[in-house]
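So this block is coords.csv, CSV, C-alpha atoms and all ligand atoms:
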chain,number,residue,atom,x,y,z
A,1170,MET,CA,31.7,-26.7,82.4
A,1171,ILE,CA,28.4,-25.8,84.1
A,1172,SER,CA,25.9,-28.4,85.0
A,1173,VAL,CA,22.2,-27.5,85.8
A,1174,GLN,CA,20.0,-30.2,87.2
A,1175,VAL,CA,16.3,-30.0,86.2
A,1176,LYS,CA,13.6,-31.7,88.2
A,1177,ALA,CA,11.0,-32.3,85.5
A,1178,GLY,CA,10.1,-35.5,83.7
A,1179,LYS,CA,12.5,-38.1,85.1
A,1180,GLY,CA,15.0,-35.4,85.9
A,1181,TYR,CA,18.0,-34.5,83.8
A,1182,ARG,CA,21.2,-32.5,83.6
A,1183,VAL,CA,22.0,-29.6,81.2
A,1184,LEU,CA,25.7,-29.5,80.6
A,1185,ILE,CA,27.1,-26.2,79.2
A,1186,GLY,CA,30.7,-25.6,78.1
A,1187,ALA,CA,33.3,-25.4,75.4
A,1188,GLY,CA,34.2,-28.6,73.5
A,1189,LEU,CA,31.4,-30.7,75.0
A,1190,LEU,CA,30.4,-32.5,71.8
A,1191,LYS,CA,33.7,-34.4,72.0
A,1192,GLU,CA,32.6,-35.8,75.3
A,1193,LEU,CA,29.2,-36.8,74.0
A,1194,PRO,CA,29.7,-40.6,73.9
A,1195,ALA,CA,30.8,-40.7,77.5
A,1196,ARG,CA,28.0,-38.4,78.6
A,1197,LEU,CA,25.5,-40.5,76.7
A,1198,SER,CA,26.6,-43.7,78.4
A,1199,GLU,CA,25.5,-42.0,81.7
A,1200,VAL,CA,21.9,-41.9,80.6
A,1201,THR,CA,21.4,-44.9,78.4
A,1202,GLY,CA,22.7,-48.4,78.1
A,1203,SER,CA,21.5,-48.6,74.5
A,1204,LYS,CA,24.1,-48.7,71.7
A,1205,HIS,CA,21.7,-47.9,68.8
A,1206,LEU,CA,20.4,-44.4,68.2
A,1207,MET,CA,18.9,-41.9,65.8
A,1208,LEU,CA,20.9,-38.7,65.2
A,1209,VAL,CA,18.7,-35.9,63.8
A,1210,SER,CA,20.0,-32.6,62.3
A,1211,ASP,CA,19.3,-30.0,59.6
A,1212,ASP,CA,21.5,-29.8,56.5
A,1213,SER,CA,23.4,-26.6,57.6
A,1214,VAL,CA,24.2,-27.9,61.1
A,1215,TRP,CA,25.1,-31.4,59.7
A,1216,GLY,CA,27.5,-29.8,57.3
A,1217,LEU,CA,29.3,-28.1,60.2
A,1218,TYR,CA,29.2,-30.7,63.0
A,1219,GLY,CA,27.3,-33.8,61.9
A,1220,GLU,CA,30.1,-35.9,60.6
A,1221,ALA,CA,32.3,-35.3,63.6
A,1222,VAL,CA,29.5,-36.2,66.0
A,1223,ARG,CA,28.7,-39.3,64.1
A,1224,ALA,CA,32.3,-40.4,63.9
A,1225,ALA,CA,32.8,-39.9,67.7
A,1226,LEU,CA,29.6,-42.0,68.3
A,1227,THR,CA,30.6,-44.7,65.9
A,1228,GLU,CA,34.1,-44.9,67.4
A,1229,ALA,CA,32.5,-45.3,70.8
A,1230,GLY,CA,30.5,-48.3,69.5
A,1231,TYR,CA,27.2,-46.7,68.8
A,1232,ARG,CA,25.2,-47.8,65.8
A,1233,THR,CA,24.2,-44.4,64.6
A,1234,GLU,CA,21.2,-43.9,62.3
A,1235,THR,CA,21.0,-40.4,60.8
A,1236,TYR,CA,18.2,-38.2,59.6
A,1237,VAL,CA,19.0,-34.8,58.0
A,1238,PHE,CA,16.4,-32.4,56.7
A,1239,ALA,CA,16.4,-29.0,55.0
A,1240,HIS,CA,17.2,-26.2,57.5
A,1241,GLY,CA,14.5,-23.7,58.4
A,1242,GLU,CA,11.1,-23.4,60.0
A,1243,ALA,CA,9.3,-24.7,56.9
A,1244,SER,CA,10.7,-28.2,57.7
A,1245,LYS,CA,9.0,-28.2,61.1
A,1246,ASN,CA,6.0,-30.0,59.7
A,1247,LEU,CA,4.0,-33.2,59.8
A,1248,SER,CA,5.5,-34.7,56.7
A,1249,VAL,CA,9.2,-34.3,57.8
A,1250,TYR,CA,8.1,-35.6,61.2
A,1251,GLY,CA,6.3,-38.6,59.6
A,1252,ALA,CA,9.3,-39.4,57.5
A,1253,LEU,CA,11.6,-39.3,60.6
A,1254,LEU,CA,9.3,-41.8,62.4
A,1255,GLU,CA,9.2,-44.1,59.4
A,1256,LYS,CA,13.0,-44.0,59.3
A,1257,MET,CA,13.1,-44.9,63.0
A,1258,CYS,CA,10.7,-47.8,62.3
A,1259,ASP,CA,12.7,-49.0,59.3
A,1260,ALA,CA,15.9,-49.0,61.4
A,1261,HIS,CA,14.1,-51.1,64.0
A,1262,LEU,CA,14.8,-48.6,66.8
A,1263,THR,CA,13.3,-49.8,70.1
A,1264,ARG,CA,11.9,-48.0,73.1
A,1265,GLU,CA,15.3,-48.0,74.7
A,1266,ASP,CA,17.1,-46.3,71.8
A,1267,PRO,CA,17.6,-42.5,72.1
A,1268,VAL,CA,16.9,-39.7,69.6
A,1269,LEU,CA,19.7,-37.1,69.5
A,1270,ALA,CA,18.7,-33.6,68.3
A,1271,LEU,CA,21.7,-31.8,66.9
A,1272,GLY,CA,20.8,-28.2,65.9
A,1273,GLY,CA,18.6,-25.2,66.7
A,1274,GLY,CA,15.1,-25.0,67.9
A,1275,VAL,CA,13.6,-26.4,64.7
A,1276,VAL,CA,15.6,-29.7,65.0
A,1277,GLY,CA,15.0,-29.8,68.8
A,1278,ASP,CA,11.2,-29.3,68.5
A,1279,LEU,CA,10.8,-31.8,65.6
A,1280,ALA,CA,13.1,-34.5,66.9
A,1281,GLY,CA,11.7,-34.0,70.4
A,1282,PHE,CA,8.2,-34.6,69.2
A,1283,ALA,CA,9.3,-37.7,67.3
A,1284,ALA,CA,11.0,-38.9,70.5
A,1285,ALA,CA,7.9,-38.2,72.5
A,1286,THR,CA,5.6,-40.2,70.2
A,1287,TYR,CA,7.7,-43.0,68.6
A,1288,GLN,CA,6.6,-46.1,70.4
A,1289,ARG,CA,4.9,-43.8,73.0
A,1290,GLY,CA,8.2,-42.3,74.0
A,1291,VAL,CA,12.0,-43.0,73.6
A,1292,PRO,CA,14.8,-41.1,75.4
A,1293,LEU,CA,15.6,-37.7,74.0
A,1294,VAL,CA,19.0,-36.0,74.1
A,1295,GLN,CA,19.1,-32.3,73.1
A,1296,LEU,CA,22.4,-31.0,71.5
A,1297,PRO,CA,21.6,-27.3,71.0
A,1298,THR,CA,23.7,-25.4,68.5
A,1299,THR,CA,22.0,-22.0,68.4
A,1300,LEU,CA,22.0,-19.6,71.3
A,1301,LEU,CA,18.2,-19.6,71.3
A,1302,ALA,CA,18.0,-23.4,71.5
A,1303,ALA,CA,20.6,-23.4,74.3
A,1304,VAL,CA,18.8,-20.9,76.5
A,1305,ASP,CA,15.2,-21.7,75.6
A,1306,SER,CA,14.0,-24.5,73.4
A,1307,SER,CA,16.3,-27.4,74.5
A,1308,VAL,CA,15.2,-27.1,78.1
A,1309,GLY,CA,11.7,-27.4,79.5
A,1310,GLY,CA,10.2,-30.2,77.4
A,1311,LYS,CA,8.1,-28.4,74.9
A,1312,THR,CA,8.2,-30.2,71.6
A,1313,ALA,CA,6.1,-29.5,68.5
A,1314,VAL,CA,5.6,-29.2,64.8
A,1315,ASP,CA,3.7,-26.5,62.9
A,1316,LEU,CA,0.4,-26.9,60.9
A,1317,PRO,CA,-0.2,-24.8,57.8
A,1318,ASN,CA,-2.4,-22.4,59.8
A,1319,GLY,CA,-0.3,-22.1,62.9
A,1320,LYS,CA,3.0,-22.6,64.6
A,1321,ASN,CA,3.5,-25.3,67.2
A,1322,GLN,CA,-0.1,-26.5,66.8
A,1323,VAL,CA,0.8,-30.2,67.4
A,1324,GLY,CA,3.1,-31.2,70.1
A,1325,ALA,CA,3.8,-32.7,73.5
A,1326,PHE,CA,5.4,-31.9,76.8
A,1327,TYR,CA,8.3,-34.3,76.8
A,1328,GLN,CA,11.4,-33.7,78.9
A,1329,PRO,CA,14.8,-34.8,77.5
A,1330,SER,CA,17.1,-37.2,79.4
A,1331,LEU,CA,20.1,-35.0,78.8
A,1332,VAL,CA,21.1,-31.7,77.3
A,1333,VAL,CA,24.6,-31.2,76.1
A,1334,CYS,CA,25.4,-27.6,75.0
A,1335,ASP,CA,28.8,-27.2,73.3
A,1336,THR,CA,29.3,-23.4,73.4
A,1337,ASP,CA,32.0,-23.7,70.7
A,1338,THR,CA,29.2,-24.3,68.1
A,1339,PHE,CA,28.1,-20.7,68.6
A,1340,ALA,CA,31.2,-19.5,66.7
A,1341,THR,CA,29.6,-20.3,63.4
A,1342,LEU,CA,26.3,-18.7,64.1
A,1343,PRO,CA,25.2,-16.0,61.6
A,1344,GLU,CA,25.0,-12.6,63.2
A,1345,THR,CA,21.1,-12.6,63.1
A,1346,GLU,CA,20.9,-15.9,64.9
A,1347,TYR,CA,23.3,-14.6,67.6
A,1348,GLN,CA,21.0,-11.5,67.9
A,1349,ASN,CA,17.9,-13.7,68.1
A,1350,GLY,CA,19.4,-15.6,71.0
A,1351,CYS,CA,20.4,-12.4,72.7
A,1352,ALA,CA,16.8,-11.2,72.6
A,1353,GLU,CA,15.7,-14.2,74.6
A,1354,ILE,CA,18.7,-13.7,76.9
A,1355,ILE,CA,17.7,-10.1,77.6
A,1356,LYS,CA,14.2,-11.5,78.4
A,1357,TYR,CA,15.8,-13.6,81.1
A,1358,GLY,CA,17.6,-10.5,82.3
A,1359,MET,CA,14.1,-9.1,83.0
A,1360,LEU,CA,12.9,-12.3,84.7
A,1361,SER,CA,15.7,-13.4,86.9
A,1362,GLY,CA,14.4,-11.8,90.1
A,1363,SER,CA,17.4,-9.5,90.4
A,1364,GLU,CA,19.2,-6.9,88.3
A,1365,GLU,CA,22.4,-9.0,88.2
A,1366,LEU,CA,22.0,-10.7,84.8
A,1367,PHE,CA,20.6,-7.5,83.2
A,1368,ARG,CA,23.6,-5.5,84.4
A,1369,MET,CA,26.0,-8.2,83.2
A,1370,LEU,CA,24.5,-8.0,79.7
A,1371,GLU,CA,25.0,-4.2,79.7
A,1372,ALA,CA,28.6,-4.5,80.8
A,1373,GLU,CA,29.8,-7.1,78.3
A,1374,PRO,CA,28.5,-8.7,75.1
A,1375,VAL,CA,27.0,-12.2,75.6
A,1376,ARG,CA,29.7,-13.7,73.2
A,1377,ASN,CA,32.4,-12.9,75.7
A,1378,ARG,CA,30.8,-15.1,78.4
A,1379,TYR,CA,28.7,-17.8,76.7
A,1380,GLU,CA,29.2,-20.5,79.4
A,1381,GLU,CA,28.2,-18.3,82.3
A,1382,ILE,CA,25.4,-16.5,80.6
A,1383,VAL,CA,23.8,-19.6,79.1
A,1384,GLY,CA,24.2,-21.3,82.5
A,1385,ARG,CA,22.3,-18.4,84.2
A,1386,CYS,CA,19.5,-18.4,81.6
A,1387,VAL,CA,19.1,-22.2,81.9
A,1388,SER,CA,18.9,-22.0,85.7
A,1389,ILE,CA,16.2,-19.3,85.4
A,1390,LYS,CA,14.2,-21.3,82.9
A,1391,ARG,CA,14.7,-24.4,85.2
A,1392,ASP,CA,13.1,-22.6,88.1
A,1393,PHE,CA,10.0,-21.7,86.0
A,1394,VAL,CA,9.8,-25.2,84.6
A,1395,GLU,CA,10.1,-26.9,87.9
A,1396,GLU,CA,7.4,-24.6,89.3
A,1397,ASP,CA,5.0,-25.1,86.4
A,1398,GLU,CA,6.1,-27.9,84.1
A,1399,PHE,CA,2.9,-27.8,82.0
A,1400,ASP,CA,2.7,-24.1,81.4
A,1401,ARG,CA,-0.5,-23.4,83.3
A,1402,GLY,CA,0.7,-20.4,85.4
A,1403,LEU,CA,4.1,-18.9,86.3
A,1404,ARG,CA,5.9,-20.3,83.3
A,1405,MET,CA,3.8,-17.8,81.3
A,1406,LEU,CA,6.3,-15.1,82.5
A,1407,LEU,CA,8.7,-16.5,79.9
A,1408,ASN,CA,6.4,-14.9,77.3
A,1409,LEU,CA,7.6,-11.4,78.1
A,1410,GLY,CA,7.5,-9.6,74.8
A,1411,HIS,CA,6.0,-12.6,73.1
A,1412,THR,CA,2.4,-11.5,72.7
A,1413,VAL,CA,3.2,-8.3,70.8
A,1414,GLY,CA,6.1,-10.2,69.2
A,1415,HIS,CA,3.8,-12.9,68.0
A,1416,GLY,CA,1.6,-10.3,66.4
A,1417,VAL,CA,4.6,-8.6,64.7
A,1418,GLU,CA,5.8,-12.0,63.4
A,1419,ALA,CA,2.4,-12.8,62.0
A,1420,CYS,CA,1.9,-9.4,60.4
A,1421,SER,CA,5.2,-9.8,58.6
A,1422,GLY,CA,4.2,-13.2,57.3
A,1423,TYR,CA,7.1,-14.6,59.5
A,1424,ALA,CA,9.7,-12.5,57.5
A,1425,ILE,CA,10.7,-10.8,60.8
A,1426,PRO,CA,12.7,-13.4,62.9
A,1427,HIS,CA,11.3,-14.5,66.2
A,1428,GLY,CA,14.1,-12.9,68.3
A,1429,GLN,CA,13.7,-9.5,66.6
A,1430,ALA,CA,9.9,-9.7,67.1
A,1431,VAL,CA,10.4,-10.5,70.8
A,1432,ALA,CA,12.8,-7.5,71.0
A,1433,ILE,CA,10.2,-5.2,69.5
A,1434,GLY,CA,7.6,-6.7,71.9
A,1435,MET,CA,9.7,-6.2,75.0
A,1436,ALA,CA,10.5,-2.6,74.0
A,1437,ALA,CA,6.8,-1.9,73.2
A,1438,ILE,CA,5.4,-3.3,76.4
A,1439,ALA,CA,8.1,-1.5,78.5
A,1440,ARG,CA,7.1,1.8,76.9
A,1441,GLY,CA,3.3,1.1,77.3
A,1442,THR,CA,3.7,0.0,81.0
A,1443,ALA,CA,5.8,3.1,81.7
A,1444,ARG,CA,3.1,5.3,80.1
A,1445,LYS,CA,0.6,3.8,82.5
A,1446,GLY,CA,3.0,4.7,85.4
A,1447,LEU,CA,3.5,1.0,86.3
A,1448,PHE,CA,7.1,0.8,85.2
A,1449,ASP,CA,9.7,3.5,85.9
A,1450,SER,CA,10.4,5.3,82.6
A,1451,ALA,CA,14.2,5.4,83.3
A,1452,SER,CA,14.1,1.6,83.6
A,1453,ALA,CA,12.1,1.3,80.4
A,1454,GLU,CA,14.7,3.4,78.6
A,1455,GLU,CA,17.5,1.2,80.0
A,1456,LEU,CA,15.7,-1.9,78.6
A,1457,VAL,CA,15.2,-0.3,75.2
A,1458,ASN,CA,18.8,0.8,75.2
A,1459,LEU,CA,20.1,-2.7,76.0
A,1460,ILE,CA,18.0,-4.2,73.2
A,1461,LYS,CA,19.4,-1.6,70.8
A,1462,ALA,CA,23.0,-2.3,72.0
A,1463,TYR,CA,22.5,-5.9,70.7
A,1464,GLY,CA,21.6,-4.6,67.3
A,1465,LEU,CA,17.9,-5.5,67.8
A,1466,PRO,CA,14.9,-3.4,66.7
A,1467,THR,CA,12.7,-1.6,69.2
A,1468,GLU,CA,10.1,0.2,67.0
A,1469,LEU,CA,6.7,-1.2,65.9
A,1470,PRO,CA,6.8,-2.0,62.2
A,1471,PHE,CA,3.0,-2.2,61.9
A,1472,SER,CA,0.0,-0.4,63.4
A,1473,LYS,CA,-1.1,-1.4,66.9
A,1474,GLU,CA,-4.4,-2.5,65.6
A,1475,GLU,CA,-2.9,-4.9,63.0
A,1476,ILE,CA,-0.5,-6.3,65.6
A,1477,ALA,CA,-3.3,-6.7,68.2
A,1478,GLU,CA,-5.5,-8.5,65.7
A,1479,LYS,CA,-2.8,-11.1,64.9
A,1480,ALA,CA,-1.7,-11.4,68.6
A,1481,GLN,CA,-5.2,-12.1,69.8
A,1482,SER,CA,-5.5,-15.2,67.7
A,1483,ASP,CA,-2.6,-16.5,69.9
A,1484,LYS,CA,-3.6,-19.9,71.3
A,1485,LYS,CA,-2.6,-18.8,74.8
A,1486,ASN,CA,-5.4,-16.2,75.1
A,1487,THR,CA,-8.9,-17.2,76.1
A,1488,THR,CA,-11.7,-15.3,74.4
A,1489,ASP,CA,-12.8,-13.1,77.4
A,1490,ALA,CA,-9.4,-12.3,78.9
A,1491,MET,CA,-5.8,-11.9,77.9
A,1492,ARG,CA,-2.8,-12.4,80.0
A,1493,ILE,CA,0.2,-10.2,79.2
A,1494,ILE,CA,3.5,-10.0,80.9
A,1495,ILE,CA,4.5,-6.6,82.1
A,1496,PRO,CA,7.8,-5.4,83.6
A,1497,GLU,CA,7.6,-4.0,87.2
A,1498,ARG,CA,11.3,-3.2,87.5
A,1499,ILE,CA,14.6,-4.4,86.0
A,1500,GLY,CA,14.7,-8.1,86.7
A,1501,THR,CA,11.1,-8.5,87.7
A,1502,CYS,CA,7.9,-8.9,85.7
A,1503,ARG,CA,4.3,-10.0,86.5
A,1504,ILE,CA,1.3,-11.5,84.7
A,1505,GLU,CA,-1.5,-9.0,84.1
A,1506,LYS,CA,-5.0,-10.1,83.1
A,1507,ILE,CA,-6.6,-7.6,80.8
A,1508,ALA,CA,-9.6,-7.3,78.6
A,1509,PRO,CA,-8.7,-7.9,74.9
A,1510,ALA,CA,-10.2,-4.5,74.0
A,1511,GLU,CA,-7.6,-2.7,76.2
A,1512,PHE,CA,-4.6,-4.5,74.7
A,1513,THR,CA,-3.5,-1.7,72.4
A,1514,GLU,CA,-3.2,0.7,75.4
A,1515,TRP,CA,-0.4,-1.5,76.8
A,1516,PHE,CA,2.2,-1.2,74.0
B,1,LIG,N1,10.4,-25.8,72.6
B,1,LIG,C1,10.5,-24.6,73.1
B,1,LIG,O1,10.4,-24.3,74.3
B,1,LIG,C2,10.9,-23.4,72.1
B,1,LIG,C3,11.2,-22.2,72.6
B,1,LIG,C4,11.6,-21.2,71.7
B,1,LIG,C5,11.6,-21.5,70.4
B,1,LIG,N2,11.2,-22.7,69.9
B,1,LIG,C6,11.2,-23.0,68.5
B,1,LIG,O2,12.6,-22.9,68.0
B,1,LIG,C7,12.6,-22.6,66.7
B,1,LIG,C8,13.6,-21.5,66.4
B,1,LIG,O3,14.9,-22.0,66.8
B,1,LIG,P1,16.2,-21.4,66.3
B,1,LIG,O4,16.2,-20.0,66.3
B,1,LIG,O5,17.3,-22.2,66.9
B,1,LIG,O6,16.1,-21.7,64.7
B,1,LIG,P2,16.7,-22.9,63.7
B,1,LIG,O7,16.7,-24.2,64.4
B,1,LIG,O8,15.9,-22.7,62.4
B,1,LIG,O9,18.2,-22.4,63.5
B,1,LIG,C9,18.4,-21.1,62.9
B,1,LIG,C10,19.4,-21.3,61.7
B,1,LIG,O10,20.7,-21.5,62.2
B,1,LIG,C11,21.3,-22.6,61.6
B,1,LIG,N3,22.3,-23.1,62.6
B,1,LIG,C12,22.0,-23.7,63.8
B,1,LIG,N4,23.1,-23.9,64.5
B,1,LIG,C13,24.1,-23.3,63.8
B,1,LIG,C14,25.5,-23.1,64.1
B,1,LIG,N5,26.0,-23.5,65.2
B,1,LIG,N6,26.2,-22.5,63.2
B,1,LIG,C15,25.6,-22.0,62.0
B,1,LIG,N7,24.4,-22.2,61.7
B,1,LIG,C16,23.6,-22.8,62.6
B,1,LIG,C17,20.2,-23.5,61.3
B,1,LIG,O11,20.6,-24.4,60.3
B,1,LIG,C18,19.1,-22.5,60.8
B,1,LIG,O12,19.3,-22.2,59.5
B,1,LIG,C19,11.2,-22.2,66.3
B,1,LIG,O13,10.6,-23.3,65.6
B,1,LIG,C20,10.5,-22.0,67.6
B,1,LIG,O14,9.1,-22.3,67.6
B,1,LIG,C21,10.9,-23.7,70.8
Can the structure from this file be put into structure tokens for me?
Amino acid sequence: MISVQVKAGKGYRVLIGAGLLKELPARLSEVTGSKHLMLVSDDSVWGLYGEAVRAALTEAGYRTETYVFAHGEASKNLSVYGALLEKMCDAHLTREDPVLALGGGVVGDLAGFAAATYQRGVPLVQLPTTLLAAVDSSVGGKTAVDLPNGKNQVGAFYQPSLVVCDTDTFATLPETEYQNGCAEIIKYGMLSGSEELFRMLEAEPVRNRYEEIVGRCVSIKRDFVEEDEFDRGLRMLLNLGHTVGHGVEACSGYAIPHGQAVAIGMAAIARGTARKGLFDSASAEELVNLIKAYGLPTELPFSKEEIAEKAQSDKKNTTDAMRIIIPERIGTCRIEKIAPAEFTEWF
């Protein structure tokens, strides 16, 4: 097992390893004295792991309330969030009683936002079951739900009290979800400050070394979060590939999954930056080849103009300037401030 300590919020540990869900009751008792909790999941994850987790908690003496909603991004909305809060209220959960989020980023973001806001904040435990949630959404404290006109438009920065990532759960991930997670992992390979992770991803597939690779990614994210908990500066580097990616996702009406869109975004920005002579073209090719090796797309599926228009409605961009993340060399990126009119030259 790997344990990563994060100094944000009240401070918490991220535990990563095989079979960790079996140890959940013991781990939970290290962060809360409460014996009453709300276990939140989606119907797919619940069908695979929910009953076993509930049974283990019940056996350990926890009174376990459950809330299970339909899987998919469409559930990350105010009405599912509201129904969860009402269920917590009906169950007379108090400020001491934790919310456990068992699932991918959708469950983590929604349950996290409920934990952040129910009675002005109750303990949150993230139990990520997708690779993406393990390396990204479960760590760092961003919680949110979507509004009809935009993703993650309502939310809060709210750090968990504990993250328990059982890498055995990745065995049941559909191939596309595995690939989506790998896109974010490749992103960390470009942000780690050295070539080591990138070369590791080239040498062997992620699925051969879940514990080590997730541990490395979480440590990289931890460093950014500790430096910039509220996403005002350096944490923006985690958006490598995301500005173009956001445009691609939006142009497709969200039919192209986030991971694939980020992969396209990273490849595009690498090529654009190489064209400008700011990133070595052999390195750009290495990045594109690594993305392809994980079965992810690298070509723009829409025109640059269409992508730019959608990307520029991104909430992270102010009207007179845009910040994009550009690669400098394998393992190192930087924030570049550009005029919105120049954006299409960069990808
Ligand atoms: N908070 C953050 O910092 C942050 C960062 C990145 C992404 N996100 C959010 O995360 C969400 C995407 O997360 P995601 O990719 O995990 O999507 P997801 O939660 O929708 O999970 C993807 C699919 O996989 C299924 N699934 C989950 N675990 C499984 C398992 N072990 N075996 C089989 N099937 C499983 C789910 O039921 C779902 O159908 C988006 O809403 C995004 O905005 C948040």
As a list in words, please: every protein or nucleic acid residue near ligand LIG 1 (chain B) (cut-off 6 Å, counting all atoms listed in the file).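 The residues near ligand LIG 1 (chain B) are Asp1211, Ser1213, Val1214, His1240, Gly1241, Glu1242, Gly1272, Gly1273, Gly1274, Val1275, Val1276, Asp1278, Thr1298, Thr1299, Leu1301, Ala1302, Asp1305, Ser1306, Lys1311, Thr1312, Thr1338, Phe1339, Thr1341 and Leu1342 of chain A.
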Exercise: A:Asp1335 partners within 12 Å, all atoms listed in the file, chain neighbours under 5 positions left out, as number ranges by chain: A: 1170-1171, 1183-1193, 1218, 1222, 1271-1272, 1295-1300, 1302-1303, 1340, 1379-1380, 1383-1384
One decimal, in Å: what's the spacing between atom CA of A:Trp1215 and atom CA of A:Ala1280? 14.3 Å
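Take the candidates A:Leu1447, A:Ala1352, A:Ala1221, A:Val1394 and check each one against A:Gly1410 using only C-alpha atoms; the shortest distance goes to A:Ala1352.
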Select, from A:Val1314, A:Leu1226, A:Tyr1287, A:Pro1466, the residue with the minimum atom-to-atom distance to A:Val1249, counting all atoms listed in the file.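 Looking at the shortest contact to A:Val1249, the residue is A:Val1314.
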Would you mind telling me which residue in A:Met1491, A:Leu1197, A:Leu1403, A:Val1175 lies nearest to A:Ser1307 when using all atoms listed in the file?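 Comparing A:Met1491, A:Leu1197, A:Leu1403, A:Val1175 against A:Ser1307, the winner is A:Val1175.
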Give me, as an mmCIF file with C-alpha atoms, keeping the file's coordinate frame, all polymer residues having an atom no more than 10 Å from A:Trp1515, counting all atoms listed in the file and skipping those fewer than 4 positions away in the same chain.
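The result, stored in selection-v1.cif:
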data_model
loop_
_atom_site.group_PDB
_atom_site.id
_atom_site.type_symbol
_atom_site.label_atom_id
_atom_site.label_comp_id
_atom_site.auth_asym_id
_atom_site.auth_seq_id
_atom_site.Cartn_x
_atom_site.Cartn_y
_atom_site.Cartn_z
ATOM 1 C CA VAL A 1413 3.200 -8.300 70.800
ATOM 2 C CA ALA A 1437 6.800 -1.900 73.200
ATOM 3 C CA ILE A 1438 5.400 -3.300 76.400
ATOM 4 C CA ALA A 1439 8.100 -1.500 78.500
ATOM 5 C CA ARG A 1440 7.100 1.800 76.900
ATOM 6 C CA GLY A 1441 3.300 1.100 77.300
ATOM 7 C CA THR A 1442 3.700 0.000 81.000
ATOM 8 C CA ALA A 1443 5.800 3.100 81.700
ATOM 9 C CA ARG A 1444 3.100 5.300 80.100
ATOM 10 C CA LYS A 1445 0.600 3.800 82.500
ATOM 11 C CA LYS A 1473 -1.100 -1.400 66.900
ATOM 12 C CA ILE A 1493 0.200 -10.200 79.200
ATOM 13 C CA ILE A 1495 4.500 -6.600 82.100
ATOM 14 C CA ILE A 1507 -6.600 -7.600 80.800
ATOM 15 C CA GLU A 1511 -7.600 -2.700 76.200
#
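The closest residue to A:Ser1198, picked from A:Leu1331, A:Leu1247, A:Ala1451, A:Val1308 and counting all atoms listed in the file, is A:Leu1331.
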Can you pull out the residues contacting A:Arg1404? Cut-off 7 Å, using only C-alpha atoms, and skip same-chain residues under 3 positions away; I want them as a tab-separated table (two decimals) with C-alpha atoms, in the coordinates of the input.
chain	number	residue	atom	x	y	z
A	1393	PHE	CA	10.00	-21.70	86.00
A	1394	VAL	CA	9.80	-25.20	84.60
A	1397	ASP	CA	5.00	-25.10	86.40
A	1400	ASP	CA	2.70	-24.10	81.40
A	1407	LEU	CA	8.70	-16.50	79.90
I need the residue nearest A:Gly1251 from this list: A:Ala1270, A:Leu1217, A:Ile1504, A:Thr1286. Use all atoms listed in the file for the distance.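 Once distances to A:Gly1251 are computed over all atoms listed in the file, the minimum belongs to A:Thr1286.
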Name all residues at most 8 Å from A:Gly1362 (count all atoms listed in the file; drop same-chain ones fewer than 3 positions away) and give them as a PyMOL selection string. chain A and resi 1359+1500-1501
I want to know what sits within 12 Å of stretch 1415-1431 of chain A, based on only C-alpha atoms, with residues of the same chain fewer than 4 positions away left out; could you give that as a compact mmCIF listing (two decimals) with C-alpha atoms, in the coordinates of the input?
# COMPACT_ATOMS: atom_id res chain seq x y z
CA GLY A 1241 14.50 -23.70 58.40
CA GLU A 1242 11.10 -23.40 60.00
CA ALA A 1243 9.30 -24.70 56.90
CA GLY A 1274 15.10 -25.00 67.90
CA LEU A 1300 22.00 -19.60 71.30
CA LEU A 1301 18.20 -19.60 71.30
CA ALA A 1302 18.00 -23.40 71.50
CA ASP A 1305 15.20 -21.70 75.60
CA ASN A 1318 -2.40 -22.40 59.80
CA GLY A 1319 -0.30 -22.10 62.90
CA LYS A 1320 3.00 -22.60 64.60
CA THR A 1345 21.10 -12.60 63.10
CA GLU A 1346 20.90 -15.90 64.90
CA TYR A 1347 23.30 -14.60 67.60
CA GLN A 1348 21.00 -11.50 67.90
CA ASN A 1349 17.90 -13.70 68.10
CA GLY A 1350 19.40 -15.60 71.00
CA CYS A 1351 20.40 -12.40 72.70
CA ALA A 1352 16.80 -11.20 72.60
CA GLU A 1353 15.70 -14.20 74.60
CA ILE A 1354 18.70 -13.70 76.90
CA ILE A 1355 17.70 -10.10 77.60
CA LYS A 1356 14.20 -11.50 78.40
CA LEU A 1407 8.70 -16.50 79.90
CA ASN A 1408 6.40 -14.90 77.30
CA LEU A 1409 7.60 -11.40 78.10
CA GLY A 1410 7.50 -9.60 74.80
CA HIS A 1411 6.00 -12.60 73.10
CA MET A 1435 9.70 -6.20 75.00
CA ALA A 1436 10.50 -2.60 74.00
CA ALA A 1437 6.80 -1.90 73.20
CA ILE A 1438 5.40 -3.30 76.40
CA ILE A 1460 18.00 -4.20 73.20
CA LYS A 1461 19.40 -1.60 70.80
CA TYR A 1463 22.50 -5.90 70.70
CA GLY A 1464 21.60 -4.60 67.30
CA LEU A 1465 17.90 -5.50 67.80
CA PRO A 1466 14.90 -3.40 66.70
CA THR A 1467 12.70 -1.60 69.20
CA GLU A 1468 10.10 0.20 67.00
CA LEU A 1469 6.70 -1.20 65.90
CA PRO A 1470 6.80 -2.00 62.20
CA PHE A 1471 3.00 -2.20 61.90
CA SER A 1472 0.00 -0.40 63.40
CA LYS A 1473 -1.10 -1.40 66.90
CA GLU A 1474 -4.40 -2.50 65.60
CA GLU A 1475 -2.90 -4.90 63.00
CA ILE A 1476 -0.50 -6.30 65.60
CA ALA A 1477 -3.30 -6.70 68.20
CA GLU A 1478 -5.50 -8.50 65.70
CA LYS A 1479 -2.80 -11.10 64.90
CA ALA A 1480 -1.70 -11.40 68.60
CA GLN A 1481 -5.20 -12.10 69.80
CA SER A 1482 -5.50 -15.20 67.70
CA ASP A 1483 -2.60 -16.50 69.90
CA LYS A 1484 -3.60 -19.90 71.30
CA LYS A 1485 -2.60 -18.80 74.80
CA PHE A 1512 -4.60 -4.50 74.70
CA THR A 1513 -3.50 -1.70 72.40
CA PHE A 1516 2.20 -1.20 74.00
